[in-house]
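Structure record follows, encoded as structure tokens.
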Amino acid sequence: MEWISHPLIVGAGELWREGTRSPFLQAIGDGSLPEEAFNRWLSQDYLFVKGLTVAQAVQAAKTPRPMQKSVIAGLSALDAELDWFESHLSQRGIRLNVEPHPVCRRYVDYLIASAYSLPPELMMAILFGVEAAYLAAWSALNSDSPYAEFIQRWSGDAFEDYVQQLGQHALDMNHPDAQIEFNRVMAHEREFWRMTLDLEP
Ligand code: MP5
């Protein structure tokens, strides 16, 4: 099955659209986004990915074979991604340790608390939601933009394969509450995009 026709995506309905589209993304795609707004997103997304790395490490510890393989491979990609963020932030003269915005903090707290308290079946639906949302959001943009490197990071074939694998695991692991958690992820994604345009807490 194509990742985009996954039952969790179809089941999320309008929330899926809200979590994967935003004026911020449109402005990245057409190159009209002010640099300052981009920089604020970059520093908050770095903090998000740091938090996701913690949650995913706990998830890896709880996920059975053979699905654990995808989670561990994803963790290794997160480690490389943190290096990539750090180099972009330093090139732009942005501190790594800015204050997390409450929206970013709430999303990360949800992921880390879920990783500790929920069964791995549900964590797989959550991780699929996190990654599928970014794949859909960024791959819809025109890669001629000045932000092409960012668009490509979340639109390439390797990333799509990863999302496809997570979607298959979420189907195989199947849990009755999977849709509830997937929808929570979409609501967090929607708030994250809103935050990028209005960053004052
Ligand atoms: C992702 C992200 C994708 N970087 N930020 C948000 C708010 N949601 C999802 O995660 P990754 O690890 O960068 O692919």
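Simple scheme: letters A, B, ... for chains in structure tokens order, numbers from 1 for residues in each chain, numbers from 1 for ligands in the order shown.
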Go through chain A and flag each residue having an atom no more than 7 Å from ligand 1; for those, report the closest pair of atoms plus their distance in Å to one decimal, using only C-alpha atoms and all ligand atoms, ordered by chain and rising number, as CSV.
residue,atom,partner,partner_atom_place_in_ligand_line,distance
A:Asp45,CA,ligand 1,5 (N),5.3
A:Phe48,CA,ligand 1,5 (N),6.0
A:Val49,CA,ligand 1,4 (N),5.6
A:Leu52,CA,ligand 1,12 (O),6.9
A:Leu78,CA,ligand 1,12 (O),5.6
A:Val130,CA,ligand 1,9 (C),4.7
A:Glu131,CA,ligand 1,3 (C),4.9
A:Ala133,CA,ligand 1,9 (C),6.5
A:Tyr134,CA,ligand 1,9 (C),5.2
A:Trp154,CA,ligand 1,14 (O),6.7
A:Glu189,CA,ligand 1,7 (C),5.7
A:Phe192,CA,ligand 1,7 (C),5.9
Take the selection from the previous step and output its residues with N, CA, C and O atoms, as a short mmCIF file (atom, residue, chain, number, x, y, z; two decimals), in the first residue's frame.
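Full text of selection-v7.cif as output:
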data_model
loop_
_atom_site.label_atom_id
_atom_site.label_comp_id
_atom_site.auth_asym_id
_atom_site.auth_seq_id
_atom_site.Cartn_x
_atom_site.Cartn_y
_atom_site.Cartn_z
N ASP A 45 12.52 23.80 15.60
CA ASP A 45 12.50 22.44 15.05
C ASP A 45 13.72 21.64 15.52
O ASP A 45 13.64 20.43 15.72
N PHE A 48 12.74 20.40 18.76
CA PHE A 48 11.80 19.30 18.54
C PHE A 48 12.55 18.00 18.23
O PHE A 48 12.28 16.95 18.82
N VAL A 49 13.51 18.08 17.31
CA VAL A 49 14.22 16.85 16.89
C VAL A 49 15.06 16.30 18.04
O VAL A 49 15.17 15.08 18.21
N LEU A 52 12.52 14.45 20.01
CA LEU A 52 12.10 13.23 19.30
C LEU A 52 13.17 12.14 19.45
O LEU A 52 12.85 10.96 19.59
N LEU A 78 18.45 10.41 12.92
CA LEU A 78 18.20 11.59 13.76
C LEU A 78 19.51 12.18 14.28
O LEU A 78 19.67 13.40 14.38
N VAL A 130 4.27 11.48 12.92
CA VAL A 130 5.30 12.54 12.95
C VAL A 130 6.01 12.63 11.61
O VAL A 130 6.19 13.72 11.03
N GLU A 131 6.42 11.47 11.09
CA GLU A 131 7.26 11.47 9.88
C GLU A 131 6.42 11.64 8.61
O GLU A 131 6.82 12.35 7.69
N ALA A 133 3.71 13.28 8.35
CA ALA A 133 3.26 14.68 8.28
C ALA A 133 4.34 15.54 7.61
O ALA A 133 4.04 16.39 6.77
N TYR A 134 5.61 15.31 8.00
CA TYR A 134 6.68 16.12 7.39
C TYR A 134 6.89 15.76 5.92
O TYR A 134 7.13 16.63 5.09
N TRP A 154 13.16 16.48 3.48
CA TRP A 154 11.94 15.74 3.86
C TRP A 154 11.10 15.33 2.65
O TRP A 154 9.90 15.09 2.79
N GLU A 189 1.06 18.87 15.18
CA GLU A 189 1.69 19.40 13.96
C GLU A 189 1.01 20.72 13.54
O GLU A 189 1.66 21.68 13.16
N PHE A 192 2.15 23.43 15.72
CA PHE A 192 3.56 23.78 15.43
C PHE A 192 3.62 24.74 14.25
O PHE A 192 4.34 25.74 14.28
#
Next on the checklist: Excluding Asn97 in chain A and its own-chain neighbours fewer than 5 positions away, which residues fall within 12 Å of it when counting only C-alpha atoms? Please give them as a list in words.
Outcome noted: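 With the cut-off at 12 Å, the set is Leu42, Ser43, Gln44, Asp45, Tyr46, Leu47, Phe48, Lys50, Glu86, Leu89 and Ser90 of chain A.
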Create the file for the chosen residues now, containing N, CA, C and O atoms and written as a PDB file, in the first residue's frame.
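Writing the result to selection33.pdb gives the following:
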ATOM      1  N   LEU A  42      13.601  27.217  12.509  1.00  0.00           N
ATOM      2  CA  LEU A  42      14.779  26.337  12.534  1.00  0.00           C
ATOM      3  C   LEU A  42      15.203  26.043  13.976  1.00  0.00           C
ATOM      4  O   LEU A  42      15.489  24.896  14.328  1.00  0.00           O
ATOM      5  N   SER A  43      15.224  27.071  14.823  1.00  0.00           N
ATOM      6  CA  SER A  43      15.693  26.820  16.188  1.00  0.00           C
ATOM      7  C   SER A  43      14.662  26.018  16.987  1.00  0.00           C
ATOM      8  O   SER A  43      15.040  25.182  17.802  1.00  0.00           O
ATOM      9  N   GLN A  44      13.364  26.204  16.723  1.00  0.00           N
ATOM     10  CA  GLN A  44      12.356  25.396  17.432  1.00  0.00           C
ATOM     11  C   GLN A  44      12.337  23.964  16.891  1.00  0.00           C
ATOM     12  O   GLN A  44      12.164  23.010  17.649  1.00  0.00           O
ATOM     13  N   ASP A  45      12.522  23.796  15.600  1.00  0.00           N
ATOM     14  CA  ASP A  45      12.499  22.435  15.050  1.00  0.00           C
ATOM     15  C   ASP A  45      13.721  21.642  15.520  1.00  0.00           C
ATOM     16  O   ASP A  45      13.638  20.430  15.716  1.00  0.00           O
ATOM     17  N   TYR A  46      14.831  22.340  15.725  1.00  0.00           N
ATOM     18  CA  TYR A  46      16.012  21.674  16.292  1.00  0.00           C
ATOM     19  C   TYR A  46      15.673  21.124  17.677  1.00  0.00           C
ATOM     20  O   TYR A  46      15.974  19.962  17.987  1.00  0.00           O
ATOM     21  N   LEU A  47      15.019  21.936  18.493  1.00  0.00           N
ATOM     22  CA  LEU A  47      14.642  21.470  19.837  1.00  0.00           C
ATOM     23  C   LEU A  47      13.648  20.314  19.736  1.00  0.00           C
ATOM     24  O   LEU A  47      13.717  19.353  20.509  1.00  0.00           O
ATOM     25  N   PHE A  48      12.744  20.400  18.756  1.00  0.00           N
ATOM     26  CA  PHE A  48      11.798  19.301  18.545  1.00  0.00           C
ATOM     27  C   PHE A  48      12.554  18.002  18.234  1.00  0.00           C
ATOM     28  O   PHE A  48      12.282  16.950  18.817  1.00  0.00           O
ATOM     29  N   LYS A  50      15.616  17.193  18.863  1.00  0.00           N
ATOM     30  CA  LYS A  50      16.331  16.702  20.057  1.00  0.00           C
ATOM     31  C   LYS A  50      15.396  15.890  20.951  1.00  0.00           C
ATOM     32  O   LYS A  50      15.741  14.833  21.454  1.00  0.00           O
ATOM     33  N   GLU A  86      22.645  21.667  13.648  1.00  0.00           N
ATOM     34  CA  GLU A  86      23.640  22.464  14.378  1.00  0.00           C
ATOM     35  C   GLU A  86      24.491  23.268  13.410  1.00  0.00           C
ATOM     36  O   GLU A  86      24.812  24.424  13.666  1.00  0.00           O
ATOM     37  N   LEU A  89      22.349  26.156  12.092  1.00  0.00           N
ATOM     38  CA  LEU A  89      22.126  27.180  13.125  1.00  0.00           C
ATOM     39  C   LEU A  89      23.400  28.003  13.320  1.00  0.00           C
ATOM     40  O   LEU A  89      23.345  29.231  13.415  1.00  0.00           O
ATOM     41  N   SER A  90      24.552  27.329  13.342  1.00  0.00           N
ATOM     42  CA  SER A  90      25.767  28.107  13.578  1.00  0.00           C
ATOM     43  C   SER A  90      26.094  28.995  12.380  1.00  0.00           C
ATOM     44  O   SER A  90      26.499  30.138  12.551  1.00  0.00           O
TER      45      SER A  90
END
Next on the checklist: Env of Glu181 in chain A: 9 Å cut, atoms = only C-alpha atoms, seq-sep filter 2 positions within chain, self excluded. Answer as a PyMOL selection string.
Outcome noted: chain A and resi 122-123+125-126+129+177-179+183-186
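With CA of Glu18 in chain A on one side and CA of Arg153 in chain A on the other, the separation reads 21.2 Å.
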Checklist entry - What separation in Å, quoted to one decimal, exists between CA of Trp193 in chain A and CA of Val103 in chain A? => result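 Going from CA of Trp193 in chain A over to CA of Val103 in chain A, I get 9.7 Å.
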Checklist entry - Taking only C-alpha atoms into account, which of A:Arg21, A:Lys69, A:His6, A:Arg105 comes nearest Gly51 in chain A? => result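 Using only C-alpha atoms, Gly51 in chain A sits closest to A:Arg105.
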Item to check | range 2-4 of chain A surroundings by only C-alpha atoms, 7 Å radius, close-in-sequence under 4 positions cut, as a list in words | outcome: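 Near range 2-4 of chain A, the qualifying residues are Ile9, Gln164 and Gly167 of chain A.
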Would you save the residues of that selection, restricted to N, CA and C atoms, as a short mmCIF file (atom, residue, chain, number, x, y, z; two decimals), in the first residue's frame?
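Resulting contents of selection_26.cif:
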data_model
loop_
_atom_site.label_atom_id
_atom_site.label_comp_id
_atom_site.auth_asym_id
_atom_site.auth_seq_id
_atom_site.Cartn_x
_atom_site.Cartn_y
_atom_site.Cartn_z
N ILE A 9 -4.08 7.86 7.95
CA ILE A 9 -4.14 9.16 7.27
C ILE A 9 -5.57 9.43 6.80
N GLN A 164 7.23 4.85 4.58
CA GLN A 164 6.49 3.67 4.09
C GLN A 164 6.66 2.49 5.07
N GLY A 167 4.72 3.06 8.26
CA GLY A 167 3.29 2.87 8.02
C GLY A 167 2.95 1.39 8.02
#
Checklist entry - Which residue, A:Gln168, A:Ser5, A:Ser32, A:Ser155, has the smallest gap to Glu121 in chain A when you use only C-alpha atoms? => result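 Among the listed residues, A:Gln168 lies closest to Glu121 in chain A.
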Find the spatial neighbours of range 58-61 of chain A, counting only C-alpha atoms, within a cut-off of 6 Å - ignore same-chain residues fewer than 3 positions away - and output them as a PDB file with N, CA, C and O atoms, in the first residue's frame.
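Written out: out.pdb:
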ATOM      1  N   ALA A  55      12.600  10.441  22.730  1.00  0.00           N
ATOM      2  CA  ALA A  55      11.410   9.580  22.679  1.00  0.00           C
ATOM      3  C   ALA A  55      11.685   8.323  21.854  1.00  0.00           C
ATOM      4  O   ALA A  55      11.304   7.211  22.233  1.00  0.00           O
ATOM      5  N   GLN A  68      11.958  -3.263  15.315  1.00  0.00           N
ATOM      6  CA  GLN A  68      12.969  -2.460  16.013  1.00  0.00           C
ATOM      7  C   GLN A  68      14.037  -1.941  15.052  1.00  0.00           C
ATOM      8  O   GLN A  68      14.608  -0.872  15.262  1.00  0.00           O
ATOM      9  N   VAL A  71      13.269   1.414  13.705  1.00  0.00           N
ATOM     10  CA  VAL A  71      13.337   2.454  14.742  1.00  0.00           C
ATOM     11  C   VAL A  71      14.803   2.807  15.019  1.00  0.00           C
ATOM     12  O   VAL A  71      15.154   3.989  15.158  1.00  0.00           O
ATOM     13  N   ALA A 115       6.289   7.734  24.881  1.00  0.00           N
ATOM     14  CA  ALA A 115       7.291   6.677  24.688  1.00  0.00           C
ATOM     15  C   ALA A 115       7.460   5.857  25.974  1.00  0.00           C
ATOM     16  O   ALA A 115       7.585   4.632  25.931  1.00  0.00           O
TER      17      ALA A 115
END
Checklist entry - Using only C-alpha atoms, which of A:His101, A:Arg190, A:His88, A:Arg65 sits nearest Glu14 in chain A? => result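 With only C-alpha atoms as the atom set, the closest residue is A:Arg190.
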Item to check | All alpha helix (DSSP H) residues (DSSP, backbone) inside chain A, as a PyMOL selection string | outcome: chain A and resi 7-12+14-20+23-29+35-62+68-91+102-117+120-139+148-153+157-173+178-197
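Excluding range 136-140 of chain A itself and any same-chain residue fewer than 3 positions from it, the protein and nucleic acid residues within 10 Å of it, counting only C-alpha atoms, are A:Ile4, A:Trp16, A:Arg17, A:Gly19, A:Thr20, A:Arg21, A:Ser22, A:Leu25, A:Gln26, A:Ile28, A:Gly29, A:Glu131, A:Ala132, A:Ala133, A:Ser143, A:Ala148, A:Phe150, A:Ile151, A:Gln152, A:Arg153, A:Trp154, A:Ser155, A:Gly156, A:Glu160.
Proximity of A:Met124, A:Leu197, A:Glu149, A:Pro100 to Ala37 in chain A, computed with only C-alpha atoms, is greatest for A:Leu197.
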Checklist entry - Counting only C-alpha atoms, what is within 8 Å of Leu75 in chain A, bar same-chain residues fewer than 5 positions away, as a VMD selection string? => result chain A and resid 53 56 to 57
Output for the residues just chosen: all heavy atoms as a PDB file, in the first residue's frame:
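To be explicit, this is the file written out as out-v8.pdb:
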ATOM      1  N   THR A  53      14.437  12.539  19.464  1.00  0.00           N
ATOM      2  CA  THR A  53      15.523  11.565  19.608  1.00  0.00           C
ATOM      3  C   THR A  53      15.414  10.837  20.958  1.00  0.00           C
ATOM      4  O   THR A  53      15.593   9.616  21.033  1.00  0.00           O
ATOM      5  CB  THR A  53      16.891  12.277  19.488  1.00  0.00           C
ATOM      6  OG1 THR A  53      16.908  12.996  18.252  1.00  0.00           O
ATOM      7  CG2 THR A  53      18.042  11.298  19.515  1.00  0.00           C
ATOM      8  N   GLN A  56      12.392   8.510  20.737  1.00  0.00           N
ATOM      9  CA  GLN A  56      12.620   7.367  19.844  1.00  0.00           C
ATOM     10  C   GLN A  56      13.603   6.360  20.444  1.00  0.00           C
ATOM     11  O   GLN A  56      13.515   5.162  20.179  1.00  0.00           O
ATOM     12  CB  GLN A  56      13.088   7.873  18.469  1.00  0.00           C
ATOM     13  CG  GLN A  56      12.981   6.811  17.394  1.00  0.00           C
ATOM     14  CD  GLN A  56      12.915   7.402  15.991  1.00  0.00           C
ATOM     15  OE1 GLN A  56      12.395   8.499  15.805  1.00  0.00           O
ATOM     16  NE2 GLN A  56      13.425   6.690  15.012  1.00  0.00           N
ATOM     17  N   ALA A  57      14.538   6.856  21.269  1.00  0.00           N
ATOM     18  CA  ALA A  57      15.464   5.929  21.954  1.00  0.00           C
ATOM     19  C   ALA A  57      14.681   5.039  22.921  1.00  0.00           C
ATOM     20  O   ALA A  57      14.913   3.826  23.005  1.00  0.00           O
ATOM     21  CB  ALA A  57      16.552   6.716  22.685  1.00  0.00           C
TER      22      ALA A  57
END
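For the choices A:Met195, A:Ile112, A:Leu15, A:Met1, the atom-to-atom distance to Val163 in chain A is smallest for A:Met1 when using only C-alpha atoms.
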